[in-house]
Each structure stands twice: as structure tokens, then as C-alpha cells.
$ cat protein_25.txt   # compact mmCIF, C-alpha atoms
# COMPACT_ATOMS: atom_id res chain seq x y z
CA MET A 863 4.27 -76.16 -43.82
CA LYS A 864 2.08 -73.32 -42.56
CA ASP A 865 2.40 -69.99 -44.40
CA ASP A 866 3.96 -67.17 -42.26
CA LEU A 867 2.36 -64.27 -44.23
CA VAL A 868 0.14 -61.88 -42.30
CA THR A 869 -3.39 -61.81 -43.61
CA LEU A 870 -4.61 -58.22 -44.31
CA ARG A 871 -8.24 -57.53 -43.55
CA PRO A 872 -10.21 -54.79 -45.26
CA ALA A 873 -10.56 -51.58 -43.15
CA SER A 874 -13.85 -51.12 -41.38
CA PRO A 875 -16.23 -48.31 -42.52
CA PHE A 876 -15.63 -46.42 -39.23
CA ARG A 877 -11.87 -46.43 -39.77
CA ARG A 878 -12.30 -45.13 -43.33
CA LEU A 879 -14.53 -42.29 -42.06
CA TRP A 880 -12.01 -41.36 -39.35
CA LEU A 881 -9.14 -41.22 -41.86
CA LEU A 882 -11.23 -39.07 -44.20
CA PHE A 883 -12.14 -36.69 -41.33
CA ALA A 884 -8.50 -36.34 -40.24
CA GLN A 885 -7.43 -35.53 -43.80
CA VAL A 886 -10.18 -32.91 -44.22
CA VAL A 887 -9.26 -31.20 -40.91
CA THR A 888 -5.57 -31.15 -41.82
CA VAL A 889 -6.25 -29.59 -45.22
CA ALA A 890 -8.65 -27.02 -43.68
CA LEU A 891 -6.10 -25.91 -41.07
CA ALA A 892 -3.41 -25.59 -43.70
CA LEU A 893 -5.70 -23.42 -45.84
CA TYR A 894 -6.57 -21.26 -42.82
CA PHE A 895 -2.93 -20.53 -41.99
CA VAL A 896 -2.16 -19.76 -45.65
CA VAL A 897 -5.10 -17.33 -45.91
CA ALA A 898 -4.28 -15.74 -42.51
CA ALA A 899 -0.72 -15.11 -43.64
CA LEU A 900 -1.41 -13.94 -47.21
CA ARG A 901 -4.95 -12.47 -47.17
CA PRO A 902 -5.91 -11.58 -43.58
CA ASP A 903 -8.59 -9.20 -44.86
CA TRP A 904 -10.65 -12.28 -45.92
CA LEU A 905 -10.84 -13.16 -42.21
CA GLY A 906 -11.92 -9.66 -41.08
CA ARG A 907 -8.40 -8.65 -39.99
CA PRO A 908 -7.30 -5.63 -42.03
CA PRO A 909 -3.55 -5.67 -42.60
CA VAL A 910 -1.44 -2.78 -41.37
CA GLN A 911 0.93 -1.39 -43.95
CA VAL A 912 4.36 -1.04 -42.39
CA PRO A 913 6.90 0.73 -44.65
CA VAL A 914 10.27 -0.97 -44.61
CA GLY A 915 12.25 1.73 -46.34
CA PRO A 916 12.08 4.55 -48.89
CA GLY A 917 10.28 3.32 -51.96
CA ALA A 918 10.03 -0.19 -50.57
CA ARG A 919 6.91 -2.33 -50.76
CA ALA A 920 4.70 -2.20 -47.64
CA VAL A 921 4.61 -5.44 -45.64
CA PRO A 922 1.16 -6.56 -44.37
CA VAL A 923 1.09 -7.40 -40.65
CA LEU A 924 -1.69 -8.29 -38.20
CA GLN A 925 -3.01 -5.85 -35.59
CA ALA A 926 -5.38 -6.49 -32.71
CA PRO A 927 -8.82 -4.91 -33.09
CA PRO A 928 -9.45 -1.70 -31.09
CA GLY A 929 -11.02 -1.99 -27.66
CA PRO A 930 -10.07 -2.58 -24.01
CA PRO A 931 -8.03 -5.66 -23.04
CA THR A 932 -9.87 -8.64 -21.61
CA ALA A 933 -8.54 -8.07 -18.06
CA SER A 934 -7.53 -4.63 -16.79
CA TYR A 935 -7.57 -2.54 -13.65
CA ARG A 936 -7.41 0.74 -15.54
CA GLU A 937 -10.76 1.95 -14.18
CA ALA A 938 -9.75 1.35 -10.55
CA ALA A 939 -6.41 3.07 -11.10
CA GLY A 940 -8.09 5.94 -12.95
CA ARG A 941 -10.48 6.57 -10.04
CA ALA A 942 -7.83 6.42 -7.35
CA MET A 943 -4.71 8.01 -8.85
CA PRO A 944 -5.90 11.66 -8.91
CA ALA A 945 -6.39 11.57 -5.11
CA VAL A 946 -2.87 10.30 -4.35
CA VAL A 947 -0.33 13.07 -3.78
CA ASN A 948 3.40 13.41 -3.32
CA ILE A 949 4.62 14.74 0.04
CA LEU A 950 7.69 16.98 -0.02
CA THR A 951 9.19 18.20 3.23
CA SER A 952 12.01 20.50 4.17
CA LYS A 953 14.18 20.04 7.21
CA THR A 954 16.62 22.65 8.36
CA SER A 955 20.07 21.20 8.83
CA ARG A 956 21.51 22.27 12.18
CA GLU A 957 24.94 20.94 11.32
CA ALA A 958 27.38 23.56 10.10
CA HIS A 959 28.71 23.11 6.60
CA PRO A 960 32.32 21.73 6.64
CA ILE A 961 33.59 24.98 5.13
CA LEU A 962 32.34 26.88 8.20
CA LYS A 963 34.77 24.89 10.32
CA ASP A 964 37.71 26.20 8.34
CA PRO A 965 39.53 28.83 10.51
CA PHE A 966 40.42 30.98 7.46
CA PHE A 967 36.75 31.10 6.33
CA ARG A 968 35.46 31.83 9.85
CA ARG A 969 37.98 34.69 10.18
CA PHE A 970 36.18 36.63 7.40
CA PHE A 971 32.55 35.44 7.67
CA GLY A 972 32.12 34.18 11.21
CA ASP A 973 28.86 32.31 11.85
CA ARG A 974 26.63 34.57 9.75
CA LEU A 975 25.57 31.92 7.21
CA PRO A 976 22.13 30.46 8.05
CA PRO A 977 21.54 26.71 8.39
CA GLU A 978 20.78 24.90 5.14
CA GLU A 979 17.21 24.00 4.20
CA GLN A 980 16.65 21.17 1.73
CA MET A 981 13.41 20.03 0.13
CA SER A 982 13.15 16.33 -0.60
CA SER A 983 10.46 13.87 -1.67
CA LEU A 984 9.84 11.57 1.25
CA GLY A 985 6.51 9.93 0.68
CA SER A 986 2.92 9.99 -0.50
CA GLY A 987 -0.49 10.91 0.84
CA VAL A 988 -4.20 10.42 0.11
CA ILE A 989 -6.83 13.16 -0.21
CA VAL A 990 -9.84 11.93 1.78
CA SER A 991 -11.94 15.10 1.98
CA GLY A 992 -12.98 17.87 -0.36
CA GLU A 993 -12.02 20.28 2.42
CA GLY A 994 -8.37 19.53 1.77
CA TYR A 995 -7.62 16.88 4.41
CA ILE A 996 -4.84 14.44 3.54
CA ILE A 997 -3.82 11.27 5.39
CA THR A 998 -0.20 10.16 5.33
CA ASN A 999 2.31 8.43 7.60
CA PHE A 1000 3.68 10.19 10.65
CA HIS A 1001 7.24 9.16 9.76
CA VAL A 1002 6.86 10.96 6.40
CA VAL A 1003 6.36 14.38 8.04
CA GLU A 1004 8.14 13.84 11.36
CA GLY A 1005 10.43 16.75 12.16
CA ALA A 1006 9.52 18.69 9.00
CA ASP A 1007 9.85 22.47 9.08
CA ARG A 1008 7.92 23.00 5.86
CA ILE A 1009 5.63 20.72 3.85
CA GLU A 1010 4.61 20.88 0.20
CA VAL A 1011 2.08 18.63 -1.52
CA GLY A 1012 2.48 17.72 -5.16
CA LEU A 1013 -0.95 17.14 -6.70
CA ALA A 1014 -1.58 14.70 -9.52
CA ASP A 1015 -2.20 17.60 -11.96
CA GLY A 1016 1.30 18.96 -11.35
CA ARG A 1017 0.49 21.76 -8.89
CA LYS A 1018 2.51 22.17 -5.69
CA VAL A 1019 0.78 23.71 -2.68
CA ALA A 1020 1.77 24.36 0.91
CA ALA A 1021 0.35 22.06 3.59
CA ARG A 1022 0.13 22.24 7.37
CA ILE A 1023 -0.03 19.48 9.94
CA VAL A 1024 -3.45 19.27 11.61
CA GLY A 1025 -2.43 16.48 13.97
CA THR A 1026 -0.31 13.36 14.29
CA ASP A 1027 -0.65 9.96 15.91
CA PRO A 1028 2.78 8.34 16.32
CA GLU A 1029 1.22 5.26 17.95
CA THR A 1030 -0.37 4.26 14.61
CA ASP A 1031 2.17 6.11 12.44
CA LEU A 1032 -0.52 8.34 10.92
CA ALA A 1033 -0.69 12.09 10.33
CA VAL A 1034 -3.37 14.43 9.01
CA LEU A 1035 -2.42 17.35 6.76
CA ARG A 1036 -4.54 20.09 5.20
CA ILE A 1037 -4.12 22.21 2.11
CA GLY A 1038 -6.02 25.33 1.15
CA GLU A 1039 -7.19 24.08 -2.25
CA ARG A 1040 -10.82 23.13 -2.85
CA ASN A 1041 -12.68 21.06 -5.48
CA LEU A 1042 -10.08 18.36 -5.06
CA PRO A 1043 -10.27 14.75 -6.25
CA VAL A 1044 -11.22 12.66 -3.22
CA MET A 1045 -10.57 8.97 -2.57
CA VAL A 1046 -13.66 6.91 -1.72
CA LEU A 1047 -13.20 4.99 1.53
CA GLY A 1048 -13.63 1.23 1.14
CA GLN A 1049 -14.77 -1.53 3.49
CA PRO A 1050 -11.70 -3.34 4.88
CA ASP A 1051 -13.95 -5.59 6.97
CA ASN A 1052 -15.18 -7.15 3.72
CA ALA A 1053 -11.65 -7.74 2.40
CA ARG A 1054 -10.42 -11.30 2.21
CA VAL A 1055 -7.08 -12.98 1.67
CA GLY A 1056 -6.58 -13.41 -2.07
CA ASP A 1057 -8.40 -10.21 -3.10
CA VAL A 1058 -6.60 -8.20 -5.79
CA VAL A 1059 -5.31 -4.81 -4.61
CA LEU A 1060 -3.37 -1.92 -6.14
CA ALA A 1061 -0.67 0.11 -4.38
CA ILE A 1062 -0.36 3.73 -5.54
CA GLY A 1063 2.43 6.10 -4.58
CA ASN A 1064 5.65 7.77 -5.66
CA PRO A 1065 8.46 5.23 -5.13
CA PHE A 1066 11.99 6.66 -5.12
CA GLY A 1067 10.57 9.96 -6.50
CA VAL A 1068 10.20 8.55 -10.04
CA GLY A 1069 6.57 9.73 -10.28
CA GLN A 1070 3.18 8.29 -9.53
CA THR A 1071 3.26 4.51 -9.92
CA VAL A 1072 0.68 1.71 -9.64
CA THR A 1073 1.62 -1.84 -8.64
CA MET A 1074 -0.65 -4.86 -8.29
CA GLY A 1075 -0.82 -7.78 -5.89
CA ILE A 1076 -3.17 -9.58 -3.56
CA ILE A 1077 -4.04 -9.39 0.11
CA SER A 1078 -1.63 -11.87 1.69
CA ALA A 1079 -2.93 -11.68 5.27
CA LEU A 1080 -5.22 -9.65 7.51
CA GLY A 1081 -4.92 -8.49 11.10
CA ARG A 1082 -1.13 -8.67 11.32
CA ASN A 1083 0.14 -7.48 14.71
CA ASN A 1084 3.02 -8.01 17.10
CA LEU A 1085 5.38 -6.85 14.34
CA HIS A 1086 6.78 -4.17 16.69
CA ILE A 1087 6.43 -1.48 14.02
CA ASN A 1088 3.77 0.60 15.80
CA LEU A 1089 2.16 0.40 19.22
CA TYR A 1090 -1.27 -0.23 17.69
CA GLU A 1091 -1.06 -2.73 14.84
CA ASN A 1092 -3.74 -4.32 12.68
CA PHE A 1093 -1.99 -4.43 9.32
CA ILE A 1094 -3.18 -5.58 5.92
CA GLN A 1095 -0.30 -7.56 4.39
CA THR A 1096 0.13 -7.47 0.62
CA ASP A 1097 2.63 -8.59 -2.01
CA ALA A 1098 1.99 -5.51 -4.17
CA ALA A 1099 5.37 -3.80 -4.62
CA ILE A 1100 5.86 -1.07 -1.98
CA ASN A 1101 9.15 0.82 -1.91
CA PHE A 1102 10.71 3.94 -0.40
CA GLY A 1103 8.40 6.82 -1.27
CA ASN A 1104 5.24 4.70 -1.21
CA SER A 1105 4.79 5.40 2.51
CA GLY A 1106 1.49 7.20 3.07
CA GLY A 1107 0.16 6.15 -0.32
CA ALA A 1108 -3.01 4.22 -1.08
CA LEU A 1109 -3.84 0.53 -1.10
CA VAL A 1110 -7.08 0.24 -3.10
CA ASP A 1111 -9.47 -2.51 -4.18
CA ILE A 1112 -10.41 -3.25 -7.79
CA GLN A 1113 -13.16 -0.60 -7.62
CA GLY A 1114 -10.58 2.05 -6.71
CA ASN A 1115 -11.79 2.39 -3.10
CA LEU A 1116 -9.28 3.01 -0.33
CA LEU A 1117 -8.54 -0.06 1.81
CA GLY A 1118 -5.40 1.07 3.61
CA ILE A 1119 -2.48 3.48 3.95
CA ASN A 1120 0.79 1.86 2.84
CA SER A 1121 3.15 2.09 5.78
CA ALA A 1122 6.02 -0.39 5.93
CA ILE A 1123 7.79 -3.27 4.24
CA TYR A 1124 9.77 -6.24 5.45
CA SER A 1125 13.08 -6.21 3.61
CA GLN A 1126 16.72 -7.01 4.18
CA THR A 1127 17.81 -4.99 1.15
CA GLY A 1128 15.64 -1.88 1.38
CA GLY A 1129 13.62 -2.86 -1.69
CA SER A 1130 10.34 -4.71 -2.03
CA ILE A 1131 10.44 -8.49 -1.62
CA GLY A 1132 6.68 -8.93 -1.62
CA ILE A 1133 5.95 -8.35 2.08
CA GLY A 1134 4.31 -4.96 2.58
CA PHE A 1135 1.99 -3.64 5.28
CA ALA A 1136 -0.88 -1.14 5.11
CA ILE A 1137 -2.86 0.46 7.95
CA PRO A 1138 -6.58 -0.34 7.44
CA VAL A 1139 -8.72 2.60 6.37
CA SER A 1140 -10.99 1.96 9.38
CA THR A 1141 -8.08 2.89 11.67
CA ALA A 1142 -7.14 5.85 9.47
CA ARG A 1143 -10.71 7.14 9.53
CA THR A 1144 -10.89 6.93 13.34
CA VAL A 1145 -7.62 8.85 13.63
CA LEU A 1146 -8.78 11.47 11.09
CA GLU A 1147 -12.11 12.10 12.81
CA SER A 1148 -10.58 12.23 16.29
CA ILE A 1149 -7.86 14.69 15.23
CA ILE A 1150 -10.35 16.97 13.48
CA LYS A 1151 -12.74 16.89 16.46
CA HIS A 1152 -10.35 16.92 19.41
CA GLY A 1153 -7.01 17.97 17.94
CA GLN A 1154 -5.58 14.63 19.02
CA VAL A 1155 -6.49 10.95 19.06
CA VAL A 1156 -8.59 10.00 22.09
CA ARG A 1157 -8.28 6.37 23.17
CA GLY A 1158 -9.49 4.25 26.03
CA TRP A 1159 -7.08 3.34 28.82
CA ILE A 1160 -7.37 1.14 31.90
CA GLY A 1161 -3.82 1.33 33.27
CA ILE A 1162 -2.31 -2.11 32.74
CA GLU A 1163 0.88 -3.54 31.30
CA SER A 1164 0.62 -6.86 29.51
CA GLN A 1165 2.80 -9.75 28.43
CA GLU A 1166 2.39 -12.44 25.79
CA ILE A 1167 1.56 -15.98 26.90
CA THR A 1168 4.44 -18.13 25.71
CA PRO A 1169 4.41 -21.95 25.91
CA GLU A 1170 6.80 -21.70 28.88
CA LEU A 1171 4.52 -19.26 30.74
CA ALA A 1172 1.49 -21.40 29.91
CA ASP A 1173 3.21 -24.39 31.53
CA SER A 1174 4.26 -22.40 34.61
CA PHE A 1175 0.71 -21.05 35.07
CA GLY A 1176 -0.78 -24.49 34.41
CA LEU A 1177 -2.80 -23.14 31.49
CA GLY A 1178 -4.31 -25.29 28.79
CA ARG A 1179 -4.30 -22.34 26.38
CA GLN A 1180 -1.99 -19.77 24.86
CA SER A 1181 -4.62 -17.15 24.03
CA GLY A 1182 -5.11 -14.09 26.20
CA ALA A 1183 -2.69 -11.61 27.76
CA ILE A 1184 -0.98 -11.79 31.14
CA ILE A 1185 -1.40 -8.68 33.29
CA ALA A 1186 2.24 -7.93 34.14
CA GLY A 1187 1.59 -4.64 35.92
CA VAL A 1188 -1.25 -2.43 37.12
CA VAL A 1189 -1.01 1.37 37.47
CA ARG A 1190 -1.67 2.29 41.08
CA ASN A 1191 -5.07 3.92 41.53
CA GLY A 1192 -5.72 3.54 37.81
CA PRO A 1193 -9.01 2.26 36.35
CA ALA A 1194 -7.99 -1.41 36.43
CA ASP A 1195 -6.56 -1.13 39.94
CA ARG A 1196 -9.79 0.41 41.25
CA ALA A 1197 -11.76 -2.41 39.57
CA GLY A 1198 -9.73 -5.09 41.35
CA VAL A 1199 -7.47 -6.27 38.53
CA ARG A 1200 -4.21 -7.72 39.86
CA PRO A 1201 -0.82 -8.59 38.38
CA GLY A 1202 -0.81 -12.21 37.29
CA ASP A 1203 -4.41 -12.13 36.10
CA ILE A 1204 -4.95 -13.25 32.52
CA LEU A 1205 -7.21 -11.06 30.41
CA LEU A 1206 -9.42 -13.27 28.24
CA ALA A 1207 -12.00 -10.87 26.77
CA VAL A 1208 -12.94 -7.19 26.59
CA GLU A 1209 -16.65 -6.40 26.22
CA GLY A 1210 -17.31 -9.95 25.00
CA GLN A 1211 -14.54 -9.91 22.37
CA ASN A 1212 -11.89 -12.56 22.92
CA VAL A 1213 -8.28 -11.46 23.44
CA LYS A 1214 -5.83 -13.58 21.44
CA ASN A 1215 -2.65 -11.66 22.25
CA THR A 1216 -1.39 -8.35 23.59
CA GLY A 1217 -1.78 -6.64 20.20
CA GLU A 1218 -5.50 -7.40 20.08
CA MET A 1219 -5.87 -6.39 23.74
CA LEU A 1220 -4.39 -2.95 23.05
CA ASN A 1221 -6.68 -2.41 20.06
CA LEU A 1222 -9.80 -3.51 21.95
CA ILE A 1223 -9.10 -1.27 24.93
CA ALA A 1224 -8.19 1.70 22.70
CA GLN A 1225 -11.63 1.51 21.05
CA LEU A 1226 -13.41 1.98 24.39
CA ALA A 1227 -14.83 5.45 25.01
CA PRO A 1228 -13.35 7.20 28.05
CA GLY A 1229 -15.87 7.57 30.85
CA THR A 1230 -17.84 4.45 29.91
CA LYS A 1231 -17.85 1.12 31.74
CA ALA A 1232 -16.40 -2.00 30.16
CA ARG A 1233 -16.56 -5.62 31.28
CA LEU A 1234 -13.33 -7.58 31.44
CA LYS A 1235 -13.20 -11.36 31.56
CA LEU A 1236 -10.26 -12.57 33.68
CA LEU A 1237 -8.63 -15.84 34.63
CA ARG A 1238 -7.19 -15.90 38.16
CA GLN A 1239 -5.80 -19.11 39.64
CA ASN A 1240 -7.57 -21.10 36.92
CA ARG A 1241 -10.94 -19.58 37.83
CA GLU A 1242 -12.77 -17.25 35.45
CA SER A 1243 -14.39 -14.07 36.68
CA SER A 1244 -15.63 -10.74 35.33
CA VAL A 1245 -15.06 -7.19 36.53
CA ASP A 1246 -16.45 -3.84 35.40
CA VAL A 1247 -13.91 -1.08 34.87
CA THR A 1248 -14.54 2.61 34.24
CA VAL A 1249 -12.47 3.46 31.18
CA GLY A 1250 -10.04 6.35 31.38
CA LYS A 1251 -8.39 8.50 28.71
CA ARG A 1252 -5.04 7.30 27.46
CA PRO A 1253 -2.28 9.83 28.27
CA ARG A 1254 -0.58 11.39 25.28
CA PRO A 1255 2.81 9.82 24.48
CA SER A 1256 5.78 11.90 25.51
CA PRO A 1257 7.65 13.44 22.54
$ encode --input "protein_25.txt" --output "C-alpha cells"
Amino acid sequence: MKDDLVTLRPASPFRRLWLLFAQVVTVALALYFVVAALRPDWLGRPPVQVPVGPGARAVPVLQAPPGPPTASYREAAGRAMPAVVNILTSKTSREAHPILKDPFFRRFFGDRLPPEEQMSSLGSGVIVSGEGYIITNFHVVEGADRIEVGLADGRKVAARIVGTDPETDLAVLRIGERNLPVMVLGQPDNARVGDVVLAIGNPFGVGQTVTMGIISALGRNNLHINLYENFIQTDAAINFGNSGGALVDIQGNLLGINSAIYSQTGGSIGIGFAIPVSTARTVLESIIKHGQVVRGWIGIESQEITPELADSFGLGRQSGAIIAGVVRNGPADRAGVRPGDILLAVEGQNVKNTGEMLNLIAQLAPGTKARLKLLRQNRESSVDVTVGKRPRPSP
């Protein structure tokens, strides 16, 4: 009968070497952990003596070596934070206090008490010039009777409104101080989705705060927040009080003015919008030079091209803007533009939607000629229009 025992073969030299190596590594790691726990000074890690009670023996613990962390945005924040200010406004309440409505009170005092004036923290701003110019949001200072600016060093100074632009929700303030910290203007045209950004402001009045995120999208429009929209979208936390504050890159340069958030609760859910610094700079320079923002205007009303309208017009595209109305004897009317035309390009730049059309026309200098590319009855043509000056919006 055949034997059922398993025959054992001697281990190969390679197997013996592998077993020896594994045992050596195991012993070495065990020794390392023992030394690290009991004598960290042997490994160049001086123990920190932490007293555990009066007369008790100090317990050795490990402490990280001095020096900056491996990844930090402290330098960017340090450059930008001094130029971000808190905006405080006062609004005179025209409503009579409830006590004034009491007949007994009015019998003795009448209506001699003045309306109440309250100062509240409503938003933030960015110092962009050593001459004291500050950019903030229009909705931060709208209707204010008195404005104070809280500087990063703790000072509070009076500010005046130089000019406003409700159509982009921007305002320019000025303070009398000099030798101020100034924010360096960045290059939003070089920004890309995924770039790290910091949002700096004073949310809920708790004090200057820095949050971090990335650029989520560029060129956001048709959000129906402002008339002229070209927002930078970010997931950096932006809350009430951040309006008018700075969105900066990792060098601490200004990329945008934080303006709005999308939220159903009133708090940040990671969808915030900033006005590009290129727009803010144009508004600043125009207000300082002209006292108001000067924009191009050709006298048309436009409408988005929806899939239904594209089918009715027999279009094979959804880009462009339908001319829904033309101001009589306006620049476009004199150039031969008609309702129903589809605007495809302005000065060689393609029009994707009505938001882009408004921005392109606004950038045209009044008094100059601009070429418009139109589609009429499925035939393309071009017309030259003499650009006018956009009328100021009615208050």
C-alpha cells in the first residue's frame, strides 16, 4: 500500500534569505517604536516636559519641529488682509417709534423727537488706491446717510461716496487717510477653473475672516442678479457681511469683489459669485474720470434664443441674441437694424447670449463705429453702427 505521508523538501536558499530579511525588518521596526516612545532625543526629537500636577514627574511628549507648515496660504492672506475694510453705514429711520403713537405721550411731547439713526455693519470693501479709494458693492451703501470704514488696524474713519454703478452692483468710496495698505490688482483673464482662491471679509460682523476654495466657473451670466454679469463662481464660503470683500489668488492679488451667493437658507452652501476685478477697475476709472460709468449703447432690446424660438425661426443654432425691439431713431435704427434680426457678433466677437451681448456693447466707446454681424431671414450681413452713450438708469 502506498504511504500517504507528505514528503517535506528542504527550503530553498532564496526562501531562507526572505525569512531572515522579514525577521530583521520586524525587529528593527519594533526597536524604532520603542526608542521613539522612550528616548525620542536619540532620534533628534527633544521631548517636551509637560507637568501633570504639583510635584508630579514630567511626562515626555513629542513636538513638531519649528517652521512653517508644508502647505499654507498665510503669505497670500497676510498681503491681502490689511487692505480689506469693514463698511458701517447709518440709515435714518423715518418710522416713528411705537411710543410716539401713544396719545398720552404725544400730549406732552408732540412730534419733537428726531428720527432714530442706527449704525450697523453691512459689508466689506477693498482699498485699491493709496489716495483712499475703496471699492465695495452698491447694495452695501445704498440709501446710507452716513458711512464709516473700519480699517484693519482698528481705526474708524468717515467715508464719502464718489460714485455708484447699480447696473454692476459696484460703488466707489473715498476716505481722507493716506499711506494706506493697498490691494494689488490681479489678472482675472489668467484665472482658470480649479485655481485656489481666498475670500476675505467680515461675515456676520464677527471680524475679518479668510475662507478658502477654488474657482468653480468663469463668465457666469444670465443669473438675473445685475444687468451686467460676468461672475467668477467660487465655493469659498461667502456669507452676509462678505459683500464688497476681496476674492484673491494665492499670491494675494485681487481677482474679484465678492457680491452674491446662491442659498435657500441665507448661509453659504458653496455657490458664491464675485465681480471680476477687470470690471471693477473699469467702473473705478470711469467714476473717477467722469463721475459716472460711461458705457456704449446702440438702442436695442434683446431676447434669448430658446429651442422653441430656434425652431420657429428655422435656425440651426441657439447662439446669438434676437433683436426684440429697436429704439426709434437710435443708433441701431439709423444703421438699419430691425426687430427679428439675430445679432451674431459685435466687432468680431461672437455673441453667445444676451448677457454677453450687453457686455460687448457696453465696452464700446461712445462716438466710435462698431460692426455688427446679423442674421436676417437666414442670410448673414454686417452693418456699421455709430455707438451712443448709454442713458443713466432712473433712480
$ closest_residue --input "protein_25.txt" --among "A:Gly1153, A:Gly985, A:Pro1065, A:Pro1193" --to "Ser1130 (chain A)" --atoms "all atoms listed in the file"
A:Pro1065
$ residues_around --input "protein_25.txt" --residues "Asp1057 (chain A)" --least-positions-apart "2" --cutoff "7 Å" --atoms "only C-alpha atoms" --output "list in words"
Ala1053, Arg1054, Val1055, Val1059, Ile1076 and Ile1077 of chain A
$ write_last_selection --input "protein_25.txt" --atoms "C-alpha atoms" --output "PDB file, in the coordinates of the input"
ATOM      1  CA  ALA A1053     -11.650  -7.740   2.400  1.00  0.00           C
ATOM      2  CA  ARG A1054     -10.420 -11.300   2.210  1.00  0.00           C
ATOM      3  CA  VAL A1055      -7.080 -12.980   1.670  1.00  0.00           C
ATOM      4  CA  VAL A1059      -5.310  -4.810  -4.610  1.00  0.00           C
ATOM      5  CA  ILE A1076      -3.170  -9.580  -3.560  1.00  0.00           C
ATOM      6  CA  ILE A1077      -4.040  -9.390   0.110  1.00  0.00           C
TER       7      ILE A1077
END
$ residues_around --input "protein_25.txt" --residues "Gly1025 (chain A)" --least-positions-apart "4" --cutoff "6 Å" --atoms "all atoms listed in the file" --output "ChimeraX atom specification"
/A:1033-1034,1149
$ write_last_selection --input "protein_25.txt" --atoms "C-alpha atoms" --output "PDB file, in the coordinates of the input"
ATOM      1  CA  ALA A1033      -0.690  12.090  10.330  1.00  0.00           C
ATOM      2  CA  VAL A1034      -3.370  14.430   9.010  1.00  0.00           C
ATOM      3  CA  ILE A1149      -7.860  14.690  15.230  1.00  0.00           C
TER       4      ILE A1149
END
$ atom_distance --input "protein_25.txt" --atom1 "CA of Val1072 (chain A)" --atom2 "CA of Gly1038 (chain A)"
26.8 Å
$ closest_residue --input "protein_25.txt" --among "A:Pro1253, A:Gly1016, A:Gly1192, A:Gly1106" --to "Ile997 (chain A)" --atoms "all atoms listed in the file"
A:Gly1106
$ decode --input "protein_25.txt" --residues "region 1013-1062 of chain A" --atoms "C-alpha atoms" --output "compact mmCIF listing (two decimals), in the first residue's frame"
# COMPACT_ATOMS: atom_id res chain seq x y z
CA LEU A 1013 -9.63 99.69 8.90
CA ALA A 1014 -7.71 96.50 9.63
CA ASP A 1015 -5.63 98.30 12.30
CA GLY A 1016 -8.77 99.14 14.28
CA ARG A 1017 -9.26 102.77 13.21
CA LYS A 1018 -12.69 104.01 12.11
CA VAL A 1019 -12.82 106.87 9.62
CA ALA A 1020 -15.60 108.66 7.77
CA ALA A 1021 -16.08 107.87 4.08
CA ARG A 1022 -18.00 109.52 1.26
CA ILE A 1023 -19.49 108.04 -1.88
CA VAL A 1024 -17.61 109.10 -5.01
CA GLY A 1025 -19.97 107.30 -7.37
CA THR A 1026 -22.13 104.22 -7.79
CA ASP A 1027 -23.00 101.83 -10.58
CA PRO A 1028 -26.18 99.89 -9.73
CA GLU A 1029 -26.02 98.01 -13.05
CA THR A 1030 -22.92 96.11 -11.86
CA ASP A 1031 -23.67 96.49 -8.13
CA LEU A 1032 -20.44 98.42 -7.51
CA ALA A 1033 -19.70 101.61 -5.60
CA VAL A 1034 -16.57 103.70 -5.08
CA LEU A 1035 -15.90 105.31 -1.69
CA ARG A 1036 -13.08 107.58 -0.53
CA ILE A 1037 -11.55 108.23 2.86
CA GLY A 1038 -9.22 111.03 3.85
CA GLU A 1039 -6.44 108.80 5.21
CA ARG A 1040 -3.18 108.36 3.31
CA ASN A 1041 -0.33 105.82 3.40
CA LEU A 1042 -2.91 103.06 3.35
CA PRO A 1043 -2.34 99.37 2.61
CA VAL A 1044 -3.40 98.81 -1.00
CA MET A 1045 -4.57 95.61 -2.67
CA VAL A 1046 -2.63 94.62 -5.81
CA LEU A 1047 -4.96 94.05 -8.76
CA GLY A 1048 -4.66 90.58 -10.27
CA GLN A 1049 -5.22 89.18 -13.76
CA PRO A 1050 -8.67 87.53 -13.90
CA ASP A 1051 -8.13 86.69 -17.58
CA ASN A 1052 -5.42 84.26 -16.50
CA ALA A 1053 -7.65 82.58 -13.89
CA ARG A 1054 -8.82 79.06 -14.59
CA VAL A 1055 -11.40 76.73 -13.11
CA GLY A 1056 -9.76 74.82 -10.27
CA ASP A 1057 -7.45 77.64 -9.15
CA VAL A 1058 -7.29 78.10 -5.38
CA VAL A 1059 -8.77 81.39 -4.13
CA LEU A 1060 -9.32 83.08 -0.76
CA ALA A 1061 -12.39 85.10 0.23
CA ILE A 1062 -11.73 87.88 2.76
